[in-house]
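**Q** Quick one, final.txt (compact mmCIF, C-alpha atoms):
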```
# COMPACT_ATOMS: atom_id res chain seq x y z
CA MET A 180 -48.06 -14.41 99.35
CA ASN A 181 -48.07 -12.50 96.07
CA GLU A 182 -44.41 -12.27 95.09
CA ARG A 183 -44.74 -8.92 93.37
CA TYR A 184 -46.02 -7.15 96.48
CA SER A 185 -44.24 -9.29 99.10
CA ARG A 186 -41.99 -6.55 100.46
CA GLN A 187 -44.78 -4.09 101.14
CA ILE A 188 -47.02 -6.84 102.53
CA LEU A 189 -44.24 -7.53 105.05
CA PHE A 190 -44.40 -3.86 106.01
CA ASP A 191 -46.55 -3.45 109.14
CA GLY A 192 -48.54 -0.50 107.87
CA ILE A 193 -49.85 -2.43 104.86
CA GLY A 194 -49.92 -6.20 105.41
CA VAL A 195 -52.12 -8.71 103.58
CA TYR A 196 -55.35 -6.83 104.27
CA GLY A 197 -53.87 -3.51 103.27
CA GLN A 198 -52.72 -5.01 100.00
CA GLN A 199 -56.18 -6.42 99.33
CA LYS A 200 -57.67 -2.96 99.87
CA LEU A 201 -55.06 -1.36 97.64
CA ASN A 202 -55.85 -3.83 94.85
CA VAL A 203 -59.46 -2.65 94.55
CA LYS A 204 -58.99 1.10 94.89
CA HIS A 205 -59.27 3.73 92.17
CA VAL A 206 -56.88 6.69 92.14
CA CYS A 207 -57.23 9.66 89.81
CA ILE A 208 -53.98 11.54 89.14
CA ILE A 209 -54.55 14.92 87.55
CA GLY A 210 -51.46 15.91 85.59
CA ALA A 211 -48.76 13.67 84.12
CA GLY A 212 -45.78 15.95 84.52
CA ALA A 213 -43.10 15.55 87.18
CA LEU A 214 -45.37 14.87 90.19
CA GLY A 215 -47.86 12.87 88.13
CA THR A 216 -45.33 10.46 86.63
CA GLY A 217 -43.63 9.95 90.02
CA ASN A 218 -46.86 9.20 91.86
CA ALA A 219 -48.20 7.06 89.03
CA GLU A 220 -45.10 4.87 88.94
CA ILE A 221 -45.13 4.26 92.70
CA LEU A 222 -48.85 3.46 92.84
CA THR A 223 -48.64 1.22 89.77
CA ARG A 224 -45.75 -0.73 91.27
CA ALA A 225 -47.67 -0.87 94.58
CA GLY A 226 -50.61 -2.52 92.81
CA VAL A 227 -53.45 -0.03 93.07
CA GLY A 228 -56.50 -1.51 91.33
CA HIS A 229 -57.35 1.23 88.89
CA LEU A 230 -55.38 4.32 87.96
CA THR A 231 -56.75 7.19 85.91
CA ILE A 232 -54.13 9.65 84.73
CA VAL A 233 -54.99 12.79 82.79
CA ASP A 234 -52.86 15.37 80.99
CA ARG A 235 -53.36 18.02 78.32
CA ASP A 236 -49.80 18.28 77.06
CA TYR A 237 -47.25 16.27 75.06
CA VAL A 238 -43.69 15.23 75.91
CA GLU A 239 -40.86 17.68 75.18
CA THR A 240 -37.12 17.34 75.64
CA SER A 241 -37.12 19.74 78.60
CA ASN A 242 -39.39 17.29 80.49
CA LEU A 243 -36.91 14.43 80.44
CA GLN A 244 -34.71 15.72 83.29
CA ARG A 245 -37.46 14.94 85.83
CA GLN A 246 -40.56 13.34 84.32
CA GLN A 247 -39.65 9.75 84.97
CA LEU A 248 -41.96 7.80 82.67
CA TYR A 249 -40.79 9.43 79.43
CA THR A 250 -38.03 8.70 76.97
CA GLU A 251 -36.13 10.52 74.26
CA GLN A 252 -38.38 8.95 71.62
CA ASP A 253 -41.54 10.27 73.30
CA ALA A 254 -40.09 13.78 73.01
CA VAL A 255 -38.95 13.34 69.41
CA TRP A 256 -42.43 12.18 68.39
CA ARG A 257 -44.23 14.66 70.66
CA ILE A 258 -46.32 11.86 72.15
CA PRO A 259 -49.11 13.09 74.43
CA LYS A 260 -48.06 12.54 78.03
CA ALA A 261 -51.16 10.51 78.85
CA VAL A 262 -50.38 8.08 76.00
CA ALA A 263 -46.67 7.75 76.84
CA ALA A 264 -47.40 7.35 80.56
CA GLU A 265 -50.02 4.67 79.97
CA LYS A 266 -47.67 2.63 77.79
CA ARG A 267 -44.88 2.72 80.39
CA LEU A 268 -47.18 2.02 83.36
CA LYS A 269 -48.73 -1.00 81.63
CA ALA A 270 -45.23 -2.31 80.93
CA ILE A 271 -44.30 -1.88 84.60
CA ASN A 272 -47.33 -3.68 86.01
CA PRO A 273 -49.98 -5.20 83.73
CA GLU A 274 -52.13 -6.07 86.76
CA VAL A 275 -53.12 -2.42 87.18
CA GLU A 276 -55.99 -1.09 85.10
CA VAL A 277 -54.48 2.10 83.72
CA ASN A 278 -56.81 4.53 82.08
CA ALA A 279 -55.06 7.52 80.50
CA LYS A 280 -56.84 10.51 79.03
CA ILE A 281 -55.55 13.34 76.85
CA MET A 282 -57.67 16.03 78.37
CA ASP A 283 -57.60 19.59 79.64
CA VAL A 284 -59.48 19.21 82.89
CA THR A 285 -62.05 21.93 83.50
CA VAL A 286 -65.41 22.05 85.22
CA GLU A 287 -66.95 20.22 82.24
CA GLU A 288 -64.71 17.18 82.55
CA ILE A 289 -63.92 16.89 86.22
CA ASP A 290 -67.25 15.52 87.41
CA SER A 291 -67.19 12.31 85.39
CA LEU A 292 -63.45 12.01 85.88
CA VAL A 293 -63.39 11.76 89.66
CA GLN A 294 -66.86 10.52 90.61
CA ASP A 295 -65.91 6.95 91.42
CA ALA A 296 -62.35 7.70 92.56
CA ASP A 297 -61.27 6.80 96.09
CA LEU A 298 -58.52 9.42 96.00
CA ILE A 299 -57.37 12.33 93.84
CA ILE A 300 -53.70 13.23 93.57
CA ASP A 301 -52.91 16.77 92.53
CA ALA A 302 -50.04 16.72 90.07
CA THR A 303 -51.01 19.93 88.32
CA ASP A 304 -49.00 23.08 87.80
CA ASN A 305 -51.46 25.86 88.58
CA PHE A 306 -53.98 26.96 91.20
CA ASP A 307 -56.97 27.39 88.86
CA ILE A 308 -57.21 23.62 88.52
CA ARG A 309 -56.38 23.02 92.20
CA PHE A 310 -59.34 25.11 93.32
CA LEU A 311 -61.50 23.11 90.93
CA ILE A 312 -60.14 19.85 92.39
CA ASN A 313 -60.71 21.23 95.88
CA ASP A 314 -64.40 21.93 95.22
CA ILE A 315 -65.18 18.67 93.45
CA ALA A 316 -63.39 16.72 96.19
CA GLN A 317 -65.56 18.41 98.81
CA LYS A 318 -68.71 17.84 96.76
CA TYR A 319 -68.13 14.08 96.46
CA LYS A 320 -66.21 13.73 99.77
CA ILE A 321 -63.08 12.40 98.10
CA PRO A 322 -59.71 12.87 99.85
CA TRP A 323 -57.10 14.68 97.77
CA ILE A 324 -53.41 15.41 98.16
CA TYR A 325 -51.96 18.77 97.20
CA GLY A 326 -48.34 18.92 96.07
CA GLY A 327 -46.23 21.72 94.63
CA CYS A 328 -42.57 22.31 93.89
CA VAL A 329 -40.20 24.82 92.28
CA SER A 330 -36.40 25.08 92.40
CA SER A 331 -35.31 22.97 95.41
CA TYR A 332 -38.47 23.74 97.41
CA GLY A 333 -41.65 21.75 97.77
CA LEU A 334 -44.70 21.26 99.96
CA SER A 335 -47.66 18.98 100.41
CA PHE A 336 -50.94 18.82 102.30
CA THR A 337 -53.55 16.10 102.55
CA ILE A 338 -57.16 17.26 102.46
CA LEU A 339 -59.75 14.98 104.06
CA PRO A 340 -63.32 16.27 103.56
CA ASP A 341 -65.14 16.95 106.86
CA GLU A 342 -61.88 16.61 108.80
CA THR A 343 -59.07 18.90 107.67
CA PRO A 344 -59.18 22.47 106.38
CA CYS A 345 -59.48 22.60 102.58
CA LEU A 346 -57.32 24.54 100.13
CA ASN A 347 -59.81 27.40 100.11
CA CYS A 348 -59.56 27.61 103.93
CA LEU A 349 -55.78 27.88 103.68
CA LEU A 350 -55.51 30.26 100.74
CA GLU A 351 -58.90 32.05 100.49
CA THR A 352 -58.12 33.28 96.97
CA ILE A 353 -56.28 31.81 94.01
CA PRO A 354 -52.64 32.94 94.19
CA LEU A 355 -51.58 35.01 91.19
CA GLY A 356 -48.16 34.81 89.57
CA GLY A 357 -45.29 33.72 91.77
CA ALA A 358 -42.24 31.65 90.92
CA THR A 359 -42.77 28.81 88.47
CA CYS A 360 -40.51 26.18 86.94
CA ASP A 361 -40.58 28.56 83.98
CA THR A 362 -38.73 31.27 85.85
CA VAL A 363 -36.64 29.58 88.53
CA GLY A 364 -36.41 25.98 87.33
CA VAL A 365 -36.74 22.84 89.41
CA ILE A 366 -34.47 19.94 90.37
CA ALA A 367 -35.65 16.33 90.22
CA PRO A 368 -34.96 15.53 93.93
CA ALA A 369 -37.40 18.29 94.97
CA VAL A 370 -40.01 16.64 92.77
CA GLN A 371 -39.20 13.23 94.24
CA MET A 372 -39.49 14.53 97.79
CA VAL A 373 -43.01 15.84 97.14
CA VAL A 374 -43.83 12.57 95.37
CA ALA A 375 -42.62 10.68 98.45
CA TYR A 376 -44.94 12.70 100.70
CA GLN A 377 -47.89 12.44 98.33
CA SER A 378 -47.58 8.74 97.53
CA THR A 379 -47.06 7.77 101.18
CA GLU A 380 -50.22 9.66 102.15
CA ALA A 381 -51.94 7.95 99.23
CA LEU A 382 -50.96 4.49 100.52
CA LYS A 383 -52.24 5.35 104.02
CA ILE A 384 -55.59 6.49 102.63
CA LEU A 385 -55.92 3.55 100.23
CA VAL A 386 -55.26 0.93 102.93
CA GLU A 387 -57.69 2.91 105.11
CA ASP A 388 -55.20 3.75 107.85
CA VAL A 389 -56.66 7.23 108.31
CA GLU A 390 -55.06 7.54 111.76
CA ALA A 391 -51.65 7.53 110.12
CA VAL A 392 -52.44 10.40 107.73
CA ARG A 393 -50.16 13.41 108.18
CA ARG A 394 -52.34 16.28 109.36
CA LYS A 395 -49.72 18.99 109.01
CA LEU A 396 -48.75 21.18 106.09
CA VAL A 397 -45.22 20.08 105.29
CA SER A 398 -42.48 21.87 103.35
CA PHE A 399 -38.76 21.57 102.66
CA ASP A 400 -35.91 23.16 100.78
CA LEU A 401 -33.39 20.50 99.84
CA TRP A 402 -30.71 22.98 98.78
CA LYS A 403 -30.99 25.16 101.88
CA ASN A 404 -31.29 22.12 104.20
CA GLU A 405 -34.59 23.31 105.64
CA GLN A 406 -37.72 21.44 106.54
CA THR A 407 -40.76 22.36 108.54
CA SER A 408 -44.36 21.51 109.16
CA ILE A 409 -47.27 23.51 110.55
CA ASP A 410 -50.46 22.31 112.21
CA VAL A 411 -53.07 24.20 110.20
CA SER A 412 -56.19 22.61 111.73
CA GLN A 413 -57.23 25.92 113.33
CA LEU A 414 -57.55 27.41 109.83
CA LYS A 415 -60.61 25.30 108.99
CA LYS A 416 -63.35 27.84 108.39
CA GLN A 417 -66.92 27.21 109.42
CA HIS A 418 -68.27 29.36 106.58
CA CYS A 419 -65.81 28.30 103.90
CA PRO A 420 -67.67 28.34 100.53
CA SER A 421 -65.96 25.08 99.57
CA CYS A 422 -66.05 22.99 102.75
CA GLY A 423 -68.14 24.97 105.27
CA GLU A 424 -71.65 24.39 106.58
CA SER A 425 -73.45 25.58 103.42
CA PRO A 426 -70.99 25.09 100.61
CA THR A 427 -71.58 26.74 97.23
CA TYR A 428 -68.52 25.21 95.51
CA PRO A 429 -67.68 28.52 93.79
CA TYR A 430 -65.03 27.05 91.51
CA LEU A 431 -67.46 24.59 89.96
CA SER A 432 -69.40 27.41 88.35
CA TYR A 433 -68.53 27.97 84.73
CA GLU A 434 -67.94 31.71 85.09
CA ASN A 435 -64.92 31.09 87.29
CA GLN A 436 -63.06 29.17 84.61
CA THR A 437 -60.28 30.51 82.45
CA LYS A 438 -60.31 29.56 78.79
CA THR A 439 -56.71 30.58 78.21
CA ALA A 440 -53.75 29.61 80.32
CA VAL A 441 -50.01 30.14 80.34
CA LEU A 442 -48.44 26.71 80.79
CA CYS A 443 -45.92 26.42 83.60
CA GLY A 444 -42.38 25.81 82.41
CA ARG A 445 -43.28 26.03 78.76
CA ASN A 446 -43.37 29.68 77.71
CA THR A 447 -46.57 28.66 76.01
CA VAL A 448 -50.15 29.87 75.90
CA GLN A 449 -53.00 27.38 75.65
CA ILE A 450 -56.26 28.45 74.04
CA ARG A 451 -59.39 26.39 74.30
CA PRO A 452 -62.49 26.94 72.20
CA PRO A 453 -65.56 27.99 74.21
CA GLN A 454 -67.45 24.86 73.14
CA LYS A 455 -66.13 21.36 72.77
CA VAL A 456 -65.11 20.56 69.21
CA GLU A 457 -63.50 17.64 67.47
CA ARG A 458 -60.92 19.10 65.14
CA ASP A 459 -60.49 17.40 61.78
CA LEU A 460 -56.68 17.18 61.72
CA THR A 461 -56.44 16.05 58.08
CA GLU A 462 -58.49 19.01 56.93
CA LEU A 463 -56.37 21.29 59.11
CA VAL A 464 -53.12 19.95 57.63
CA SER A 465 -54.21 20.69 54.07
CA GLN A 466 -55.38 24.14 55.10
CA LEU A 467 -52.09 24.95 56.86
CA LYS A 468 -49.98 23.67 53.97
CA LYS A 469 -51.63 26.25 51.73
CA GLN A 470 -50.47 29.00 54.11
CA GLY A 471 -46.79 27.92 53.85
CA GLY A 472 -44.55 26.89 56.74
CA GLN A 473 -43.76 23.41 58.00
CA VAL A 474 -46.54 21.04 59.02
CA ASP A 475 -45.94 17.81 61.02
CA GLN A 476 -48.59 15.40 62.18
CA ASN A 477 -48.95 12.40 64.48
CA PRO A 478 -52.22 10.59 65.29
CA PHE A 479 -52.93 12.95 68.19
CA LEU A 480 -51.85 16.41 67.08
CA VAL A 481 -50.59 18.70 64.34
CA SER A 482 -47.48 20.83 64.80
CA TYR A 483 -47.11 23.93 62.62
CA HIS A 484 -43.92 26.00 62.22
CA PHE A 485 -44.12 29.40 60.56
CA GLU A 486 -42.29 32.72 60.90
CA ASN A 487 -40.30 31.44 63.92
CA ARG A 488 -43.47 30.40 65.69
CA ARG A 489 -44.66 26.94 66.60
CA VAL A 490 -48.33 26.20 67.08
CA VAL A 491 -49.72 22.81 68.08
CA PHE A 492 -53.33 21.77 67.43
CA PHE A 493 -54.97 18.97 69.40
CA LYS A 494 -57.93 16.88 68.25
CA ASP A 495 -60.03 18.14 71.16
CA GLY A 496 -59.85 21.71 69.82
CA ARG A 497 -57.09 23.04 72.06
CA VAL A 498 -54.21 25.00 70.59
CA LEU A 499 -50.79 25.59 72.15
CA ILE A 500 -48.92 28.68 70.97
CA HIS A 501 -45.25 28.33 71.86
CA GLY A 502 -42.61 30.97 72.48
CA MET A 503 -44.83 33.45 74.30
CA LYS A 504 -46.62 34.25 77.52
CA ASP A 505 -48.75 37.07 76.15
CA ILE A 506 -52.34 35.84 76.04
CA VAL A 507 -53.54 38.69 73.81
CA GLU A 508 -50.82 38.10 71.24
CA ALA A 509 -51.51 34.35 71.39
CA LYS A 510 -55.21 34.90 70.73
CA LYS A 511 -54.34 37.04 67.73
CA ILE A 512 -52.30 34.22 66.22
CA TYR A 513 -55.04 31.73 67.06
CA HIS A 514 -57.60 33.75 65.18
CA GLN A 515 -55.22 34.44 62.30
CA LEU A 516 -54.80 30.71 61.76
CA LEU A 517 -58.29 29.48 62.53
CA GLY A 518 -60.49 32.48 61.74
CA MET B 370 -28.61 41.62 116.50
CA MET B 371 -31.23 39.10 117.47
CA VAL B 372 -31.46 35.38 116.90
CA ILE B 373 -34.66 33.85 115.54
CA HIS B 374 -35.19 30.19 114.68
CA VAL B 375 -36.65 30.10 111.20
CA ASN B 376 -37.77 26.67 109.95
CA GLY B 377 -35.50 25.08 112.52
CA GLU B 378 -32.39 27.06 111.54
CA GLN B 379 -30.88 29.78 113.75
CA ARG B 380 -30.78 33.11 111.94
CA GLU B 381 -29.03 36.25 113.10
CA LEU B 382 -31.16 39.16 112.10
CA SER B 383 -30.82 42.93 112.31
CA ASN B 384 -32.79 44.68 115.04
CA GLU B 385 -34.49 46.67 112.30
CA ILE B 386 -36.68 43.62 111.77
CA GLN B 387 -39.57 44.16 114.14
CA THR B 388 -42.67 42.55 112.66
CA VAL B 389 -43.68 39.42 110.80
CA SER B 390 -43.99 41.56 107.65
CA ASP B 391 -40.37 42.76 108.06
CA LEU B 392 -39.30 39.15 108.43
CA LEU B 393 -41.14 38.12 105.26
CA ASN B 394 -39.51 41.00 103.38
CA GLN B 395 -36.11 39.91 104.63
CA PHE B 396 -36.68 36.40 103.24
CA GLU B 397 -38.25 37.72 100.02
CA LEU B 398 -41.54 36.03 100.83
CA ALA B 399 -43.69 39.16 101.13
CA ASP B 400 -45.54 38.61 97.85
CA LYS B 401 -46.20 34.91 98.48
CA LYS B 402 -49.22 33.07 99.80
CA ILE B 403 -47.78 31.96 103.08
CA ILE B 404 -48.67 30.37 106.41
CA VAL B 405 -46.73 31.87 109.32
CA GLU B 406 -46.42 30.11 112.65
CA LEU B 407 -44.88 32.10 115.51
CA ASN B 408 -44.05 30.17 118.69
CA ALA B 409 -46.54 27.44 117.74
CA ASN B 410 -49.41 29.83 116.91
CA ILE B 411 -50.54 30.68 113.39
CA VAL B 412 -50.47 34.41 112.68
CA ASP B 413 -53.38 35.50 110.48
CA SER B 414 -52.19 37.27 107.32
CA SER B 415 -54.11 40.41 108.33
CA GLN B 416 -51.91 40.60 111.46
CA HIS B 417 -48.47 40.36 109.82
CA ASP B 418 -47.88 44.12 110.00
CA GLU B 419 -48.74 44.37 113.68
CA THR B 420 -47.26 41.17 115.07
CA THR B 421 -43.79 41.74 116.48
CA VAL B 422 -40.94 39.25 116.52
CA GLN B 423 -38.36 39.06 119.29
CA ASP B 424 -35.03 37.49 120.09
CA GLY B 425 -35.45 33.77 120.67
CA ASP B 426 -38.74 33.41 118.75
CA ARG B 427 -39.39 30.27 116.74
CA VAL B 428 -40.92 30.93 113.37
CA GLU B 429 -42.12 28.41 110.79
CA LEU B 430 -42.80 29.70 107.28
CA VAL B 431 -44.51 27.64 104.56
CA HIS B 432 -45.29 29.34 101.27
CA PHE B 433 -47.38 27.89 98.47
CA VAL B 434 -46.02 27.22 95.01
CA GLY B 435 -47.80 26.12 91.90
CA GLY B 436 -45.26 24.02 90.00
CA GLY B 437 -45.54 20.32 89.68
```
What's the structure tokens form of this structure?

**A**
Amino acid sequence: MNERYSRQILFDGIGVYGQQKLNVKHVCIIGAGALGTGNAEILTRAGVGHLTIVDRDYVETSNLQRQQLYTEQDAVWRIPKAVAAEKRLKAINPEVEVNAKIMDVTVEEIDSLVQDADLIIDATDNFDIRFLINDIAQKYKIPWIYGGCVSSYGLSFTILPDETPCLNCLLETIPLGGATCDTVGVIAPAVQMVVAYQSTEALKILVEDVEAVRRKLVSFDLWKNEQTSIDVSQLKKQHCPSCGESPTYPYLSYENQTKTAVLCGRNTVQIRPPQKVERDLTELVSQLKKQGGQVDQNPFLVSYHFENRRVVFFKDGRVLIHGMKDIVEAKKIYHQLLG
Amino acid sequence: MMVIHVNGEQRELSNEIQTVSDLLNQFELADKKIIVELNANIVDSSQHDETTVQDGDRVELVHFVGGG
């Protein structure tokens, strides 16, 4: 028996055959924040064959309270989360093929990202991307596991194409606003609870024990000592545009995508150029130095401090404007700096 | 006063709370995307204003959040 996995092989639900299945499966985790790092660590230790983990952001000090793969040094050096996560995961279990990508996932990227995945884990922080995941998962018939948490509250739901209702069935429209970790904070145990639900469902799906999959929408509040679950199967809609009889996958059409986003928990606006570009960071640094202010650079990004503002430029063209949630104001600064 | 079981916890609520919508207001969930189950049946969101709640009802409330 493989020593590394011996304790979960002894577990009835997995066993030798379950472990063999796990070892050849590919999981795509979208987001490497609190939920993403938690799920990634569990699945890496469990010996999933191939793990893709994607994130658009870099590590900051305020992440360290709950994002379990990152260290003080990652925050000091502003290491992209995908890079820091990959390094830690490979150190935990070199048997797992970890493939990390610094990427803002939109309709352009998601197709190639998930196509050969056996499972998608939602570890994102907004519903724009979740509706995109929901549509692509239906298109390629890939199971995915929704998770969300703020303050001491969290919830999860497992979506099996052709079996369960999808996110569009449950919500019908993308929720706007609402509490975020930006406004009400979040405690690490709430994150871990959602991670426990998501990663357990993941193991069931990966060892192909579909019978065992939780079919209910589950939620809890750890501070208020509440937990509940609801059977939502009756909400599956025959004419759902995402999972119904004649799906149109509305969120895979380019018009439904936002090019700017306020990042959860960061008081930050992200702006993405309409077309893909590869930004020449060296050129940018010399240009910014002429404008005054403080310029710092690492191999992945450039950070620029001026007039009490901080702006971060990524190689893939994206720009993060910190200290604001006003998209219009952020665009103004973007155009001031980049023309 | 009436007693309603909300997410497994007994809650004493004022008799002014008559509908599912009143209940959601009371728990500050009115502006949330939410699934409401009343005595093991899901109440469609279009019916929250009309569906009444009574003493002894069992209500499960799950609202969606975006953080992660």

**Q** Could you give me, as a Markdown table, every chain A residue with an atom at most 7 Å from chain B, plus its closest atom pair and distance in Å to one decimal, counting all atoms listed in the file, rows ordered by chain then number?

**A**
```
| residue | atom | partner | partner_atom | distance |
| --- | --- | --- | --- | --- |
| A:Gly212 | CA | B:Gly437 | CA | 6.8 |
| A:Ala213 | CA | B:Gly437 | CA | 5.9 |
| A:Leu214 | CA | B:Gly437 | CA | 5.5 |
| A:Ala302 | CA | B:Gly437 | CA | 5.8 |
| A:Thr303 | CA | B:Gly437 | CA | 5.7 |
| A:Asp304 | CA | B:Gly436 | CA | 4.4 |
| A:Asn305 | CA | B:Gly435 | CA | 4.9 |
| A:Phe306 | CA | B:Gly435 | CA | 6.3 |
| A:Gly327 | CA | B:Gly437 | CA | 5.2 |
| A:Cys328 | CA | B:Gly436 | CA | 5.0 |
| A:Val329 | CA | B:Gly436 | CA | 5.6 |
| A:Leu350 | CA | B:Lys402 | CA | 7.0 |
| A:Pro354 | CA | B:Lys402 | CA | 6.6 |
| A:Gly357 | CA | B:Lys401 | CA | 6.9 |
| A:Thr359 | CA | B:Gly436 | CA | 5.6 |
| A:Cys360 | CA | B:Gly436 | CA | 6.0 |
| A:Ser398 | CA | B:Val431 | CA | 6.2 |
| A:Glu405 | CA | B:Asn376 | CA | 6.3 |
| A:Gln406 | CA | B:Asn376 | CA | 6.2 |
| A:Thr407 | CA | B:Asn376 | CA | 5.4 |
| A:Ile409 | CA | B:Glu406 | CA | 7.0 |
| A:Cys443 | CA | B:Gly436 | CA | 6.9 |
```

**Q** Could you take the residues named above and write them with C-alpha atoms, as a PDB file, keeping the file's coordinate frame?

**A**
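Resulting contents of again_2.pdb:
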```
ATOM      1  CA  GLY A 212     -45.780  15.950  84.520  1.00  0.00           C
ATOM      2  CA  ALA A 213     -43.100  15.550  87.180  1.00  0.00           C
ATOM      3  CA  LEU A 214     -45.370  14.870  90.190  1.00  0.00           C
ATOM      4  CA  ALA A 302     -50.040  16.720  90.070  1.00  0.00           C
ATOM      5  CA  THR A 303     -51.010  19.930  88.320  1.00  0.00           C
ATOM      6  CA  ASP A 304     -49.000  23.080  87.800  1.00  0.00           C
ATOM      7  CA  ASN A 305     -51.460  25.860  88.580  1.00  0.00           C
ATOM      8  CA  PHE A 306     -53.980  26.960  91.200  1.00  0.00           C
ATOM      9  CA  GLY A 327     -46.230  21.720  94.630  1.00  0.00           C
ATOM     10  CA  CYS A 328     -42.570  22.310  93.890  1.00  0.00           C
ATOM     11  CA  VAL A 329     -40.200  24.820  92.280  1.00  0.00           C
ATOM     12  CA  LEU A 350     -55.510  30.260 100.740  1.00  0.00           C
ATOM     13  CA  PRO A 354     -52.640  32.940  94.190  1.00  0.00           C
ATOM     14  CA  GLY A 357     -45.290  33.720  91.770  1.00  0.00           C
ATOM     15  CA  THR A 359     -42.770  28.810  88.470  1.00  0.00           C
ATOM     16  CA  CYS A 360     -40.510  26.180  86.940  1.00  0.00           C
ATOM     17  CA  SER A 398     -42.480  21.870 103.350  1.00  0.00           C
ATOM     18  CA  GLU A 405     -34.590  23.310 105.640  1.00  0.00           C
ATOM     19  CA  GLN A 406     -37.720  21.440 106.540  1.00  0.00           C
ATOM     20  CA  THR A 407     -40.760  22.360 108.540  1.00  0.00           C
ATOM     21  CA  ILE A 409     -47.270  23.510 110.550  1.00  0.00           C
ATOM     22  CA  CYS A 443     -45.920  26.420  83.600  1.00  0.00           C
TER      23      CYS A 443
END
```

**Q** Residues at most 7 Å from range 474-486 of chain A, counting all atoms listed in the file, excluding those fewer than 6 positions away in the same chain, as a list in words?

**A** Leu460, Val464, Lys468, Phe492, Phe493 and Lys494 of chain A

**Q** Place a sphere of radius 9 Å on (-48.2, 21.8, 105.7) in the file coordinates and name every protein, DNA or RNA residue with an atom inside or on its surface, counting only C-alpha atoms; give the answer as a list in words.

**A** Leu334, Ser335, Phe336, Thr337, Arg393, Arg394, Lys395, Leu396, Val397, Ser398, Thr407, Ser408, Ile409, Asp410 and Val411 of chain A; Ile404 and Val431 of chain B

**Q** So the first atom is CA of Cys345 in chain A and the second is CA of Asn202 in chain A; what is the distance between them in Å, to one decimal place?

**A**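 Going from CA of Cys345 in chain A over to CA of Asn202 in chain A, I get 27.8 Å.
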
**Q** Using only C-alpha atoms, which residues sit within 9 Å of Thr421 in chain B once same-chain residues fewer than 4 positions away are excluded, as number ranges by chain?

**A** B: 386-390, 417

**Q** To one decimal in Å, tell me the separation between CA of Asp505 in chain A and CA of Asn394 in chain B.

**A**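 It comes out at 29.0 Å.
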
**Q** Pick out the residues sitting within 12 Å of Leu517 in chain A, and hand them over as a list in words; count all atoms listed in the file, and ignore anything fewer than 4 positions along from it in its own chain.

**A**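 Counting all atoms listed in the file, the residues come to Ile450, Pro452, Arg458, Glu462, Leu463, Val464, Gln466, Leu467, Gln470, Val490, Phe492, Gly496, Arg497, Val498, Lys510, Lys511, Ile512 and Tyr513 of chain A.
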
**Q** When you count only C-alpha atoms, which of these residues is closest to Asp426 in chain B: B:Leu407, B:Leu382, B:Met370, B:Leu392?

**A**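 Result for the nearest residue to Asp426 in chain B: B:Leu407.
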
**Q** Go ahead and compute the interatomic distance for CA of Leu442 in chain A and CA of Ile232 in chain A, in Å to one decimal.

**A**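 One can read the CA of Leu442 in chain A to CA of Ile232 in chain A distance as 18.4 Å.
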